[in-house]
Amino acid sequence: MPRRRFSTLNEFAEFLNRKCMPMHEAIRCIDDFDALREAVDALRARMPSIGFFSPSRRVQCFYAVCRQLDAFIEKGRLTIDDALMALNMLGFESGRFRKAARMFRRRWARRRVNDRDSLPQVTRFYMDGIGTCL
């Protein structure tokens, strides 16, 4: 299967409209597509291994990506909306990250509520909006 990579905002919007649902509002909230594209490429390059069906390594991969996005937010390179969109874009482009996000969602259902405060900021926002088409 050819590697999927979105080069423009319109290409990403068309993909979302085909695969998920009309996401015109979500697309409009993207402040800087070039910064988003750069962040996704950096995340993909530094994404840790998920192992061969290792649930814990997949969840750790998801957390590592979220911590990297938190760092981008702290440096002012992305907004929280762009960071959440980066998670979605990375999931669409990377099968490894898609597996990590799915394992996170499965495991999250079993976590205790008080664990939420110890998680990266992007993870907490992602949990609030779970239901994307990843």
# chains A, B, ... in the order shown; residues from 1 in each chain; ligands from 1
call {"tool": "select_by_dssp", "arguments": {"residues": "stretch 34-126 of chain A", "states": "alpha helix (DSSP H)", "output": "ChimeraX atom specification"}}
result
/A:34-46,55-74,80-93,95-108,121-126
call {"tool": "residues_around", "arguments": {"residues": "stretch 29-36 of chain A", "least_positions_apart": "5", "cutoff": "7 Å", "atoms": "only C-alpha atoms", "output": "list in words"}}
result
Leu9, Arg77, Asp81, Asp82 and Ala86 of chain A
call {"tool": "write_last_selection", "arguments": {"atoms": "N, CA and C atoms", "output": "short mmCIF file (atom, residue, chain, number, x, y, z; two decimals), in the first residue's frame"}}
result
data_model
loop_
_atom_site.label_atom_id
_atom_site.label_comp_id
_atom_site.auth_asym_id
_atom_site.auth_seq_id
_atom_site.Cartn_x
_atom_site.Cartn_y
_atom_site.Cartn_z
N LEU A 9 -3.99 21.46 2.84
CA LEU A 9 -5.17 21.47 3.70
C LEU A 9 -6.39 20.93 2.94
N ARG A 77 4.48 26.49 18.86
CA ARG A 77 4.48 26.04 17.47
C ARG A 77 3.10 25.56 17.02
N ASP A 81 -5.92 22.96 19.33
CA ASP A 81 -6.74 22.45 18.23
C ASP A 81 -5.88 21.83 17.14
N ASP A 82 -4.78 22.50 16.83
CA ASP A 82 -3.87 21.95 15.82
C ASP A 82 -3.23 20.65 16.31
N ALA A 86 -3.38 17.16 14.59
CA ALA A 86 -2.15 16.41 14.28
C ALA A 86 -2.29 14.95 14.68
#
call {"tool": "closest_residue", "arguments": {"among": "A:Leu78, A:Cys66, A:Leu16, A:Ala39", "to": "A:Ala100", "atoms": "only C-alpha atoms"}}
result
A:Cys66
call {"tool": "atom_distance", "arguments": {"atom1": "atom CA of A:Arg67", "atom2": "atom CA of A:Glu14"}}
result
28.6 Å
call {"tool": "residues_around", "arguments": {"residues": "A:Gln121", "least_positions_apart": "2", "cutoff": "9 Å", "atoms": "only C-alpha atoms", "output": "list in words"}}
result
Cys66, Arg67, Leu69, Asp70, Ile80, Asp117, Ser118, Leu119, Thr123, Arg124, Phe125 and Tyr126 of chain A
call {"tool": "closest_residue", "arguments": {"among": "A:Gln68, A:Asn88, A:Gln60, A:Ser94", "to": "A:Ala13", "atoms": "only C-alpha atoms"}}
result
A:Asn88
call {"tool": "closest_residue", "arguments": {"among": "A:Ile50, A:Val122, A:Val40, A:Val59", "to": "A:Arg102", "atoms": "only C-alpha atoms"}}
result
A:Val59
call {"tool": "atom_distance", "arguments": {"atom1": "atom CA of A:Phe53", "atom2": "atom CA of A:Asp41"}}
result
24.1 Å
call {"tool": "closest_residue", "arguments": {"among": "A:Leu84, A:Thr8, A:Phe62, A:Thr79", "to": "A:Ala101", "atoms": "only C-alpha atoms"}}
result
A:Phe62
call {"tool": "atom_distance", "arguments": {"atom1": "atom CA of A:Phe15", "atom2": "atom CA of A:Phe92"}}
result
9.3 Å
call {"tool": "closest_residue", "arguments": {"among": "A:Arg44, A:Pro55, A:Pro120, A:Ala83", "to": "A:Phe97", "atoms": "only C-alpha atoms"}}
result
A:Arg44
